[in-house]
Each structure stands twice: as C-alpha cells, then as structure tokens.
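Heads up, coords.cif below (mmCIF, C-alpha atoms and all ligand atoms):
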```
data_query
loop_
_atom_site.label_atom_id
_atom_site.label_comp_id
_atom_site.auth_asym_id
_atom_site.auth_seq_id
_atom_site.Cartn_x
_atom_site.Cartn_y
_atom_site.Cartn_z
CA MET A 1 98.14 142.94 178.41
CA SER A 2 95.42 142.34 175.90
CA TYR A 3 93.73 139.39 174.29
CA GLN A 4 95.71 137.04 172.04
CA ILE A 5 94.36 135.39 168.88
CA PRO A 6 96.07 132.08 168.04
CA ALA A 7 98.05 132.47 164.82
CA VAL A 8 97.37 128.95 163.58
CA PRO A 9 96.23 128.41 159.98
CA ILE A 10 92.48 128.11 159.48
CA ASP A 11 91.27 124.67 158.42
CA THR A 12 87.73 124.77 157.05
CA ARG A 13 87.43 120.99 157.25
CA VAL A 14 85.98 121.57 160.72
CA PHE A 15 82.70 122.40 158.94
CA PRO A 16 80.84 119.07 159.19
CA GLU A 17 78.79 117.44 156.45
CA HIS A 18 75.87 116.76 158.73
CA TYR A 19 74.81 116.55 162.36
CA ALA A 20 75.91 112.95 163.07
CA ILE A 21 79.44 113.61 161.77
CA ALA A 22 79.59 116.83 163.77
CA ARG A 23 78.69 115.01 166.95
CA ALA A 24 81.19 112.19 166.33
CA GLU A 25 84.01 114.67 165.69
CA TRP A 26 83.03 116.79 168.68
CA LEU A 27 83.20 113.72 170.97
CA GLU A 28 86.52 112.70 169.43
CA ARG A 29 88.05 116.16 170.00
CA LEU A 30 86.76 116.16 173.53
CA ALA A 31 88.43 112.81 174.22
CA MET A 32 91.74 114.27 172.99
CA LEU A 33 91.72 117.14 175.50
CA GLU A 34 94.00 116.67 178.46
CA LEU A 35 92.14 119.23 180.55
CA PRO A 36 89.66 118.09 183.20
CA SER A 37 86.14 117.92 181.82
CA GLU A 38 82.63 116.93 182.73
CA HIS A 39 80.36 115.84 179.90
CA ALA A 40 76.56 115.60 180.01
CA TYR A 41 74.21 114.78 177.17
CA PHE A 42 70.51 115.32 176.58
CA PRO A 43 68.66 113.26 173.94
CA CYS A 44 65.71 114.99 172.32
CA ARG A 45 62.49 113.45 171.07
CA GLY A 46 62.51 111.86 167.63
CA GLY A 47 65.33 110.55 165.45
CA GLY A 48 67.28 111.94 162.51
CA PRO A 49 66.57 111.26 158.82
CA ASP A 50 68.85 108.18 159.03
CA GLY A 51 67.40 107.14 162.36
CA ASP A 52 70.27 108.74 164.27
CA LEU A 53 69.92 109.50 167.96
CA LEU A 54 69.58 113.25 168.40
CA VAL A 55 71.46 114.68 171.34
CA THR A 56 72.53 118.00 172.81
CA ASP A 57 76.02 117.62 174.29
CA VAL A 58 77.30 119.88 177.04
CA VAL A 59 80.77 119.89 178.52
CA TRP A 60 82.50 121.85 181.25
CA ILE A 61 86.20 122.08 180.42
CA GLY A 62 88.74 123.30 182.96
CA PRO A 63 88.97 123.43 186.74
CA SER A 64 85.71 122.48 188.45
CA SER A 65 86.32 125.26 190.98
CA ALA A 66 86.43 128.02 188.33
CA ARG A 67 84.18 130.99 189.08
CA ARG A 68 84.45 132.58 185.64
CA LEU A 69 83.11 130.97 182.51
CA LEU A 70 83.13 131.33 178.78
CA VAL A 71 79.99 129.65 177.39
CA LEU A 72 79.88 128.83 173.66
CA ILE A 73 76.47 127.85 172.30
CA GLY A 74 75.84 126.31 168.87
CA GLY A 75 72.73 125.07 167.09
CA THR A 76 70.11 127.13 168.93
CA HIS A 77 68.56 127.34 165.48
CA GLY A 78 69.18 123.74 164.39
CA ILE A 79 70.66 124.19 160.93
CA GLU A 80 72.81 127.10 162.11
CA GLY A 81 74.68 124.46 164.10
CA PHE A 82 77.07 123.81 161.19
CA ALA A 83 78.89 127.03 162.05
CA GLY A 84 78.45 126.38 165.78
CA SER A 85 80.13 122.98 165.46
CA ALA A 86 82.93 124.33 163.26
CA VAL A 87 83.73 127.05 165.78
CA GLN A 88 83.69 124.60 168.71
CA LEU A 89 85.83 122.04 166.85
CA ASP A 90 88.36 124.74 165.93
CA PHE A 91 88.36 125.99 169.52
CA MET A 92 88.90 122.47 170.95
CA ARG A 93 91.82 121.91 168.58
CA LEU A 94 93.45 125.17 169.68
CA LEU A 95 92.80 124.33 173.31
CA ALA A 96 94.36 120.87 172.91
CA ASN A 97 97.46 122.40 171.29
CA GLY A 98 97.82 125.03 173.99
CA GLU A 99 97.16 127.79 171.41
CA PHE A 100 94.22 128.93 173.49
CA GLU A 101 94.92 128.83 177.22
CA LEU A 102 92.38 129.08 179.97
CA PRO A 103 93.25 132.02 182.27
CA ASP A 104 93.26 131.48 186.05
CA ASP A 105 89.87 130.73 187.56
CA VAL A 106 88.31 130.36 184.06
CA ALA A 107 86.55 127.31 182.61
CA VAL A 108 84.61 126.84 179.38
CA ILE A 109 81.19 125.35 178.75
CA LEU A 110 80.48 124.13 175.23
CA ILE A 111 76.86 123.52 174.31
CA HIS A 112 76.68 121.54 171.07
CA ALA A 113 73.51 121.22 168.96
CA LEU A 114 71.06 122.89 171.32
CA ASN A 115 68.33 122.02 168.79
CA PRO A 116 69.65 118.70 167.42
CA TRP A 117 66.40 117.87 165.61
CA GLY A 118 66.58 121.03 163.47
CA TYR A 119 70.28 120.44 162.85
CA ALA A 120 69.77 116.87 161.63
CA TRP A 121 66.70 117.69 159.52
CA LEU A 122 68.21 120.92 158.13
CA ARG A 123 65.61 123.16 159.68
CA ARG A 124 65.75 126.22 161.89
CA CYS A 125 62.88 125.13 164.15
CA ASP A 126 62.48 122.01 166.27
CA GLU A 127 60.26 118.95 165.76
CA ASP A 128 57.20 120.92 166.90
CA GLY A 129 57.94 123.80 164.54
CA VAL A 130 59.15 125.88 167.50
CA ASP A 131 61.82 128.53 167.20
CA LEU A 132 63.84 127.93 170.38
CA ASN A 133 65.02 131.53 170.29
CA ARG A 134 61.43 132.77 170.78
CA ASN A 135 60.59 130.11 173.40
CA PHE A 136 61.89 131.85 176.55
CA VAL A 137 58.63 133.45 177.62
CA ASP A 138 56.47 132.87 180.70
CA PHE A 139 53.96 130.31 179.45
CA SER A 140 51.79 130.76 182.56
CA GLN A 141 50.92 134.28 181.32
CA THR A 142 49.03 135.49 178.26
CA LEU A 143 51.41 135.00 175.34
CA PRO A 144 52.69 138.10 173.53
CA PRO A 145 50.44 139.21 170.63
CA ASN A 146 51.78 140.09 167.18
CA ALA A 147 48.89 141.82 165.38
CA HIS A 148 50.98 142.70 162.33
CA TYR A 149 51.89 139.05 161.84
CA ASP A 150 48.18 138.20 161.82
CA GLU A 151 47.64 140.86 159.18
CA LEU A 152 50.38 139.39 156.95
CA ARG A 153 49.54 135.74 157.58
CA PRO A 154 47.00 135.21 154.75
CA TRP A 155 49.68 136.25 152.24
CA LEU A 156 52.67 134.40 153.61
CA PHE A 157 52.07 131.02 151.97
CA ILE A 158 50.26 131.83 148.76
CA GLN A 159 51.44 129.86 145.75
CA ASP A 160 52.22 132.92 143.64
CA ILE A 161 55.57 134.11 144.97
CA GLN A 162 55.51 137.34 142.93
CA LYS A 163 52.13 138.24 144.38
CA ARG A 164 53.43 137.66 147.90
CA LYS A 165 56.51 139.80 147.27
CA GLN A 166 54.33 142.56 145.86
CA PHE A 167 52.02 142.45 148.88
CA LEU A 168 54.96 142.56 151.30
CA ALA A 169 56.53 145.46 149.38
CA GLU A 170 53.29 147.43 149.54
CA TRP A 171 52.89 146.65 153.24
CA GLN A 172 56.48 147.78 153.82
CA SER A 173 55.97 151.08 151.97
CA LYS A 174 53.00 151.80 154.23
CA HIS A 175 54.50 150.68 157.57
CA GLY A 176 58.27 150.80 157.07
CA ARG A 177 60.97 148.16 156.85
CA THR A 178 61.45 147.76 160.61
CA ALA A 179 57.72 147.14 161.10
CA LEU A 180 57.83 144.44 158.40
CA GLU A 181 60.79 142.67 159.99
CA LEU A 182 59.15 142.90 163.42
CA ALA A 183 55.87 141.51 162.06
CA ILE A 184 57.51 138.49 160.46
CA SER A 185 60.45 137.74 162.74
CA ALA A 186 59.97 139.28 166.21
CA GLY A 187 58.06 136.16 167.27
CA GLN A 188 54.48 134.88 167.27
CA TYR A 189 52.71 132.38 169.53
CA HIS A 190 49.63 131.00 167.86
CA ASP A 191 50.51 129.95 164.32
CA ALA A 192 52.39 126.67 164.66
CA SER A 193 52.64 126.34 160.89
CA GLY A 194 54.28 129.75 160.53
CA PRO A 195 57.86 130.96 160.95
CA PHE A 196 59.37 132.37 164.17
CA TYR A 197 56.77 130.49 166.22
CA GLY A 198 57.61 130.48 169.94
CA GLY A 199 55.48 127.48 170.97
CA THR A 200 53.18 126.92 173.93
CA LYS A 201 55.57 125.20 176.33
CA PRO A 202 59.31 124.99 177.06
CA ALA A 203 61.19 123.27 174.21
CA HIS A 204 63.99 120.68 174.52
CA GLY A 205 66.71 123.33 174.28
CA ARG A 206 65.13 125.40 177.02
CA ASP A 207 64.98 122.37 179.33
CA VAL A 208 68.68 121.75 178.66
CA ILE A 209 69.63 125.37 179.41
CA GLU A 210 67.59 125.46 182.62
CA HIS A 211 69.11 122.12 183.69
CA ILE A 212 72.73 123.17 183.19
CA ILE A 213 72.21 126.58 184.79
CA GLU A 214 71.25 124.67 187.92
CA LYS A 215 73.71 121.79 187.56
CA PHE A 216 76.74 124.08 187.19
CA ALA A 217 75.38 126.77 189.59
CA LEU A 218 75.80 129.37 186.85
CA ALA A 219 73.90 132.04 188.80
CA ASP A 220 76.96 132.24 191.09
CA LYS A 221 79.46 132.65 188.25
CA THR A 222 80.77 135.47 186.11
CA LEU A 223 79.74 134.66 182.55
CA ALA A 224 80.77 135.46 178.99
CA VAL A 225 78.14 133.80 176.81
CA ILE A 226 78.55 133.68 173.03
CA ASP A 227 75.67 132.15 171.05
CA ILE A 228 76.63 131.44 167.44
CA HIS A 229 74.06 132.01 164.71
CA THR A 230 74.03 132.36 160.92
CA GLY A 231 71.76 133.77 158.25
CA LEU A 232 71.29 137.44 159.11
CA GLY A 233 73.54 140.33 158.03
CA GLN A 234 76.35 140.96 155.57
CA TYR A 235 77.86 137.91 153.89
CA GLY A 236 80.57 136.48 156.14
CA TYR A 237 80.53 139.28 158.70
CA GLY A 238 80.18 138.22 162.31
CA GLU A 239 78.02 140.83 164.02
CA ILE A 240 78.03 140.98 167.80
CA ILE A 241 74.39 141.45 168.72
CA CYS A 242 73.76 142.56 172.29
CA ASP A 243 70.14 142.30 173.48
CA HIS A 244 70.87 143.65 176.95
CA ALA A 245 69.14 146.99 177.64
CA PRO A 246 71.25 149.87 176.21
CA ASP A 247 72.11 151.42 179.60
CA SER A 248 72.60 148.11 181.45
CA ALA A 249 75.72 146.62 183.01
CA GLY A 250 75.54 143.83 180.40
CA THR A 251 75.84 146.29 177.51
CA LYS A 252 78.69 148.14 179.24
CA MET A 253 80.53 144.86 179.69
CA ALA A 254 79.92 143.82 176.04
CA GLN A 255 81.30 147.16 174.83
CA ARG A 256 84.31 146.87 177.09
CA TRP A 257 85.17 143.36 175.86
CA TYR A 258 84.15 143.52 172.21
CA GLY A 259 84.51 147.24 171.42
CA ASP A 260 82.46 149.39 169.10
CA SER A 261 81.41 146.50 166.90
CA VAL A 262 78.72 145.68 169.49
CA ALA A 263 75.32 146.27 167.86
CA LEU A 264 72.11 146.87 169.82
CA PRO A 265 68.68 145.93 168.40
CA LEU A 266 67.02 148.21 170.95
CA LEU A 267 68.94 151.20 169.56
CA GLY A 268 68.40 150.20 165.94
CA THR A 269 72.14 149.70 165.35
CA SER A 270 71.90 145.97 164.58
CA THR A 271 70.80 143.99 161.53
CA SER A 272 68.45 142.30 164.04
CA VAL A 273 65.23 143.92 165.23
CA PRO A 274 64.25 143.44 168.91
CA LYS A 275 62.68 140.02 169.52
CA THR A 276 60.41 138.23 171.96
CA GLY A 277 61.40 135.16 173.99
CA LEU A 278 65.14 135.12 173.26
CA LEU A 279 67.48 132.60 174.89
CA ASP A 280 69.42 135.68 176.03
CA TYR A 281 66.70 136.56 178.54
CA ALA A 282 67.15 133.33 180.52
CA TRP A 283 70.80 134.26 181.05
CA HIS A 284 70.28 137.99 181.63
CA GLN A 285 68.25 137.14 184.74
CA LEU A 286 71.14 135.40 186.44
CA MET A 287 74.05 137.55 185.29
CA ASN A 288 76.07 139.71 187.68
CA ALA A 289 77.37 143.14 186.62
CA GLN A 290 80.62 141.64 185.26
CA SER A 291 78.85 139.32 182.80
CA CYS A 292 77.31 139.61 179.37
CA TYR A 293 75.57 137.59 176.69
CA VAL A 294 76.11 138.23 173.01
CA THR A 295 74.92 136.59 169.81
CA LEU A 296 77.63 136.19 167.21
CA GLU A 297 75.59 136.29 164.01
CA PHE A 298 77.26 135.48 160.71
CA GLY A 299 75.60 136.96 157.65
CA THR A 300 74.89 134.97 154.53
CA PHE A 301 72.36 136.39 152.07
CA SER A 302 69.77 139.18 152.23
CA THR A 303 67.02 139.35 154.84
CA ASP A 304 64.44 139.11 152.04
CA ALA A 305 66.13 135.90 150.90
CA LEU A 306 66.05 134.65 154.49
CA PHE A 307 62.29 135.24 154.75
CA GLU A 308 61.69 133.60 151.36
CA VAL A 309 63.73 130.49 152.19
CA LEU A 310 61.98 130.11 155.56
CA LEU A 311 58.48 130.61 154.16
CA GLU A 312 59.22 128.06 151.45
CA ASP A 313 60.52 125.66 154.10
CA GLN A 314 57.29 126.00 156.11
CA ARG A 315 55.26 125.47 152.93
CA VAL A 316 57.18 122.34 151.87
CA TRP A 317 57.01 120.81 155.35
CA ALA A 318 53.26 121.44 155.56
CA LEU A 319 52.75 119.58 152.26
CA HIS A 320 55.01 116.54 152.58
CA ASP A 321 56.10 113.88 155.04
CA PRO A 322 59.40 114.65 156.82
CA LEU A 323 61.67 112.54 154.58
CA ALA A 324 60.22 114.02 151.39
CA ALA A 325 60.34 117.58 152.74
CA HIS A 326 63.91 117.05 153.93
CA ALA A 327 64.89 115.71 150.49
CA GLU A 328 63.16 118.55 148.65
CA HIS A 329 64.24 121.56 150.70
CA GLY A 330 67.09 120.53 153.03
CA GLN A 331 69.97 121.42 150.73
CA ILE A 332 68.46 124.82 149.92
CA MET A 333 68.32 125.53 153.66
CA HIS A 334 71.89 124.28 154.10
CA ARG A 335 73.16 126.58 151.34
CA HIS A 336 71.35 129.56 152.81
CA PHE A 337 72.46 129.07 156.41
CA CYS A 338 75.93 127.67 155.81
CA PRO A 339 77.34 128.59 152.40
CA GLN A 340 79.78 125.87 151.36
CA GLU A 341 82.27 128.43 150.16
CA ARG A 342 85.75 128.39 151.61
CA ALA A 343 85.92 132.19 151.97
CA TRP A 344 82.70 132.34 153.97
CA GLN A 345 83.83 129.51 156.22
CA GLU A 346 87.19 131.20 156.78
CA MET A 347 85.50 134.45 157.75
CA VAL A 348 83.45 132.56 160.33
CA LEU A 349 86.49 130.88 161.86
CA PHE A 350 88.72 134.00 161.88
CA ARG A 351 86.08 136.16 163.51
CA ALA A 352 85.06 133.47 166.01
CA ARG A 353 88.66 133.11 167.20
CA GLN A 354 88.83 136.88 167.71
CA VAL A 355 85.55 137.05 169.62
CA ILE A 356 86.42 133.99 171.74
CA ALA A 357 89.80 135.57 172.58
CA GLN A 358 88.06 138.81 173.56
CA GLY A 359 85.48 136.96 175.66
CA LEU A 360 88.10 134.84 177.43
CA PHE A 361 90.22 137.90 178.20
CA GLY A 362 87.20 139.94 179.23
CA VAL A 363 85.74 137.41 181.63
CA ALA A 364 89.15 136.73 183.20
CA ASN A 365 89.91 140.40 183.90
ZN ZN B 1 69.75 132.03 164.48
#
```

Structure encoded using structure tokens:
Amino acid sequence: MSYQIPAVPIDTRVFPEHYAIARAEWLERLAMLELPSEHAYFPCRGGGPDGDLLVTDVVWIGPSSARRLLVLIGGTHGIEGFAGSAVQLDFMRLLANGEFELPDDVAVILIHALNPWGYAWLRRCDEDGVDLNRNFVDFSQTLPPNAHYDELRPWLFIQDIQKRKQFLAEWQSKHGRTALELAISAGQYHDASGPFYGGTKPAHGRDVIEHIIEKFALADKTLAVIDIHTGLGQYGYGEIICDHAPDSAGTKMAQRWYGDSVALPLLGTSTSVPKTGLLDYAWHQLMNAQSCYVTLEFGTFSTDALFEVLLEDQRVWALHDPLAAHAEHGQIMHRHFCPQERAWQEMVLFRARQVIAQGLFGVAN
C-alpha cells in the first residue's frame, strides 16, 4: 500500500481572479461536499479595495471524532493565497467526487485566506504591515534583534535602484549570500515600514490559529500540516521546506512521508534561510512524535526579484493612499507571486495533489 494521486485532469480555472471570488467559490465547493463539516469564520479588521468583508474561513471536514488530521493552510502571506485557494478548490472537487478519500480516523482542516487583508489588497503583509510568518514570537520578551538589517536599512528604499543593487552586491561580497538573505528576510521587529516585519503584537492570523488549535483540541491530535506559499525557489517547483530541527521527530516524519525532497533551512539544503517567528513554531509546540509541519513553497522568479518587488511595494505604499498604491503596484505583485501562466499553475496543482496524497497517507499510517 502506498499513497494514491487522483488521475483527474488538471483544471487551472481554480485559480481565482481575486480574493472575493476565491471566497465565494470556496464556500460554494464546501456546500457541495456530502461529508460532515464544521465551518467557522473570522473577519479581520478593515475592508477590501471594493469594500468587501475580509474573512478567514476554517472548516473541519470529516468525522468529528477523527484523531488524525491533514491541515491545509493558504494565504499566510496574503497575496500567496491565490495558489492556496486553487489547491483547496482542487482538493474539495476531488473530495466531492470521491477521487480523494479520507482514510479511517482522518479528517481535514482547510484554512482559507489566513491573511485576507493582504490577499484582497495584493500584498504579502497585513493591514499593519506585519508579516504573519514572522509574528509567532513571545511579545512579552525582548524582540529578536537583526543588526544586519539595521545596517542595510538606509539603502533599502533609495530612489536610485541601480545604486541600491550595487550596495547590496558589495555587502553580499563582503558577508556572503546567506548573510544577505538573513539580513533582509529572516525577520525584523522595529521597522514597521520595512519588509519581513514581525510586528509588536499577535496579528489576526495568529489569533485565528490559536483559536482553532483550542477549538478543535489539536494538541491531542496527530497532525500533517501543509502551509502553501509562493514566490521563493525555482519557477513552478514545489519545495517541501521543513523548519523542524534536523534531528527531531518532526523532521524524521517529514522525510518518511515526503521522501528526500524535504529541504531543511537549518542544514542549508533549502532555498529558504532559517527565519524568526514562523507560523510553524506555534504548531511544533503541540505536535506529537507522529506529526509534522511543512511549507509547500512554489517558486516563481529569482530571490533578487522577490526582494526588489517587495521593496518597491513598501516604497509605493509609504507614498500613496491604499487605493492608489493598490492600483499602481497590485498587478506587479500578483504577477510575481502568482504567474498567470497555465504551465506554472499546472505545476502547482500537480505537485499539491502529490504532497496532499503523501500527507494523507502519512498521517493515516
Ligand atoms: Zn510566503
């Protein structure tokens, strides 16, 4: 016995045009499921560009007594929710058709648009400029320093892009590529106008996660968590990033379920450097030795392009009101984080089906 991937043709129309359509389709697919389900929703502060209500939706699908769970998360980074929605919509269709079956004692939790504000406004951060995936730190303690970020900060938003690139290249030749990526993207906690800012208090998405961990008693369950991201790594490739410690039970479980494609930032085998305040850490704390959390990260363009597009986004949003900034830079963000190319979208859906099948099989056995 091994895992089975549904052999149903890929339909890229599951990639939504924008957040509100994604939510409507997600609710429609949910209504079509004949399995038992329990739906909860969590509005966030603020509205969308068209005044839409912004909501994180969570659903438990399957027997309420299940002790093993597959958890699929989308939209931790707002705009990356396009892929998260597409994967969940595809999964719900396959579940409705019986192409994916829930093994005994297994249920699924879908978390849709964990940062709905960023999704609707085509940004990676939330309304407060907070990167939810750097927000899981203990705010009662001194917040983690990032001295290299402070060193780079005066150069990050200068008008002359060539000058900035030259400065970063020189800095990199002195300190190395990993140090540069750590400085910019590992996380920082005092520059609210900068990228990868972790905030000063728990964000909406963190409140939602902490609420559902309690509501569904997830500390007592065996868990396969897959958090879907985009924008880092080779174009179209879905890298399984495991931020468990290299010698931990979580890493052993990830390798058993997902094989040698598991990449570890702490060993330098991932396109991601180690990071502060990840959503992963909230789940690691409650996981038993048969559980693991992985990020499924779909590459788009280069890491340099990622940094440039994010710095430009911060610059535009600092200069303009939200509607103007959204109009000026939203589509550039959308193209970077969710290329509207059929081949890229197909790669996302193929790989996601494979990883979901592996996670379902792994958590059930
Ligand atoms: Zn991400």

Per residue of segment 188-251 of chain A within 12 Å of segment 317-321 of chain A, which atom pair is closest and at what distance in Å (one decimal), using all atoms listed in the file, listed by chain and increasing number, as CSV?
```
residue,atom,partner,partner_atom,distance
A:Ala192,CA,A:Ala318,CA,10.5
A:Ser193,CA,A:Ala318,CA,7.3
A:Gly194,CA,A:Ala318,CA,9.7
A:Pro195,CA,A:Trp317,CA,11.6
```

Export of the given selection (C-alpha atoms) as an mmCIF file, in the coordinates of the input:
```cif
data_model
loop_
_atom_site.group_PDB
_atom_site.id
_atom_site.type_symbol
_atom_site.label_atom_id
_atom_site.label_comp_id
_atom_site.auth_asym_id
_atom_site.auth_seq_id
_atom_site.Cartn_x
_atom_site.Cartn_y
_atom_site.Cartn_z
ATOM 1 C CA ALA A 192 52.390 126.670 164.660
ATOM 2 C CA SER A 193 52.640 126.340 160.890
ATOM 3 C CA GLY A 194 54.280 129.750 160.530
ATOM 4 C CA PRO A 195 57.860 130.960 160.950
#
```

Contacts with ligand ZN 1 (chain B) at most 10 Å, only C-alpha atoms and all ligand atoms counted, listed as a PDB file with C-alpha atoms, in the frame of the given file:
```pdb
ATOM      1  CA  GLY A  74      75.840 126.310 168.870  1.00  0.00           C
ATOM      2  CA  GLY A  75      72.730 125.070 167.090  1.00  0.00           C
ATOM      3  CA  THR A  76      70.110 127.130 168.930  1.00  0.00           C
ATOM      4  CA  HIS A  77      68.560 127.340 165.480  1.00  0.00           C
ATOM      5  CA  GLY A  78      69.180 123.740 164.390  1.00  0.00           C
ATOM      6  CA  ILE A  79      70.660 124.190 160.930  1.00  0.00           C
ATOM      7  CA  GLU A  80      72.810 127.100 162.110  1.00  0.00           C
ATOM      8  CA  GLY A  81      74.680 124.460 164.100  1.00  0.00           C
ATOM      9  CA  ARG A 124      65.750 126.220 161.890  1.00  0.00           C
ATOM     10  CA  CYS A 125      62.880 125.130 164.150  1.00  0.00           C
ATOM     11  CA  ASP A 131      61.820 128.530 167.200  1.00  0.00           C
ATOM     12  CA  LEU A 132      63.840 127.930 170.380  1.00  0.00           C
ATOM     13  CA  ASN A 133      65.020 131.530 170.290  1.00  0.00           C
ATOM     14  CA  ASP A 227      75.670 132.150 171.050  1.00  0.00           C
ATOM     15  CA  ILE A 228      76.630 131.440 167.440  1.00  0.00           C
ATOM     16  CA  HIS A 229      74.060 132.010 164.710  1.00  0.00           C
ATOM     17  CA  THR A 230      74.030 132.360 160.920  1.00  0.00           C
ATOM     18  CA  GLY A 231      71.760 133.770 158.250  1.00  0.00           C
ATOM     19  CA  LEU A 232      71.290 137.440 159.110  1.00  0.00           C
ATOM     20  CA  THR A 295      74.920 136.590 169.810  1.00  0.00           C
ATOM     21  CA  LEU A 296      77.630 136.190 167.210  1.00  0.00           C
ATOM     22  CA  GLU A 297      75.590 136.290 164.010  1.00  0.00           C
ATOM     23  CA  PHE A 298      77.260 135.480 160.710  1.00  0.00           C
ATOM     24  CA  PHE A 337      72.460 129.070 156.410  1.00  0.00           C
TER      25      PHE A 337
END
```

With distances taken over only C-alpha atoms, the candidate from A:Leu95, A:Leu180, A:Leu311, A:Leu30 nearest Leu168 of chain A is A:Leu180

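Using all atoms listed in the file, the smallest distance between any of A:Ala7, A:Leu223, A:Leu286, A:Cys292 and Thr251 of chain A comes from A:Cys292.
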
One decimal, in Å: what's the spacing between atom CA of Tyr237 of chain A and atom CA of Leu267 of chain A?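 Calculated distance between atom CA of Tyr237 of chain A and atom CA of Leu267 of chain A is 19.9 Å.
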
For the contact check between segment 178-247 of chain A and segment 136-141 of chain A, emit one row per residue of segment 178-247 of chain A within 12 Å, containing the shortest atom pair and the distance in Å rounded to one decimal, counting all atoms listed in the file, chain then rising number order, as a tab-separated table.
```
residue	atom	partner	partner_atom	distance
A:Gly187	CA	A:Val137	CA	10.7
A:Gln188	CA	A:Val137	CA	11.2
A:Tyr189	CA	A:Val137	CA	10.1
A:Tyr197	CA	A:Phe136	CA	11.6
A:Gly198	CA	A:Phe136	CA	8.0
A:Gly199	CA	A:Phe139	CA	9.1
A:Thr200	CA	A:Phe139	CA	6.5
A:Lys201	CA	A:Phe139	CA	6.2
A:Pro202	CA	A:Phe136	CA	7.3
A:Ala203	CA	A:Phe136	CA	8.9
A:His204	CA	A:Phe136	CA	11.5
A:Gly205	CA	A:Phe136	CA	10.0
A:Arg206	CA	A:Phe136	CA	7.2
A:Asp207	CA	A:Phe136	CA	10.4
A:Ile209	CA	A:Phe136	CA	10.5
A:Glu210	CA	A:Phe136	CA	10.5
```

I'd like to know which of A:Ala364, A:Val208, A:Leu152, A:Ala324 is closest to Arg67 of chain A, using all atoms listed in the file. A:Ala364

To one decimal place, how far is atom CA of Asn288 of chain A from atom CA of Cys242 of chain A in Å?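 Atom-to-atom, atom CA of Asn288 of chain A and atom CA of Cys242 of chain A are spaced 15.8 Å apart.
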
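Those residues that approach Phe301 of chain A to within 9 Å, counting only C-alpha atoms, are A:Gly231, A:Leu232, A:Gly233, A:Gln234, A:Tyr235, A:Asp304, A:Ala305, A:Leu306, A:His336, A:Phe337; same-chain residues fewer than 3 positions away are not listed.
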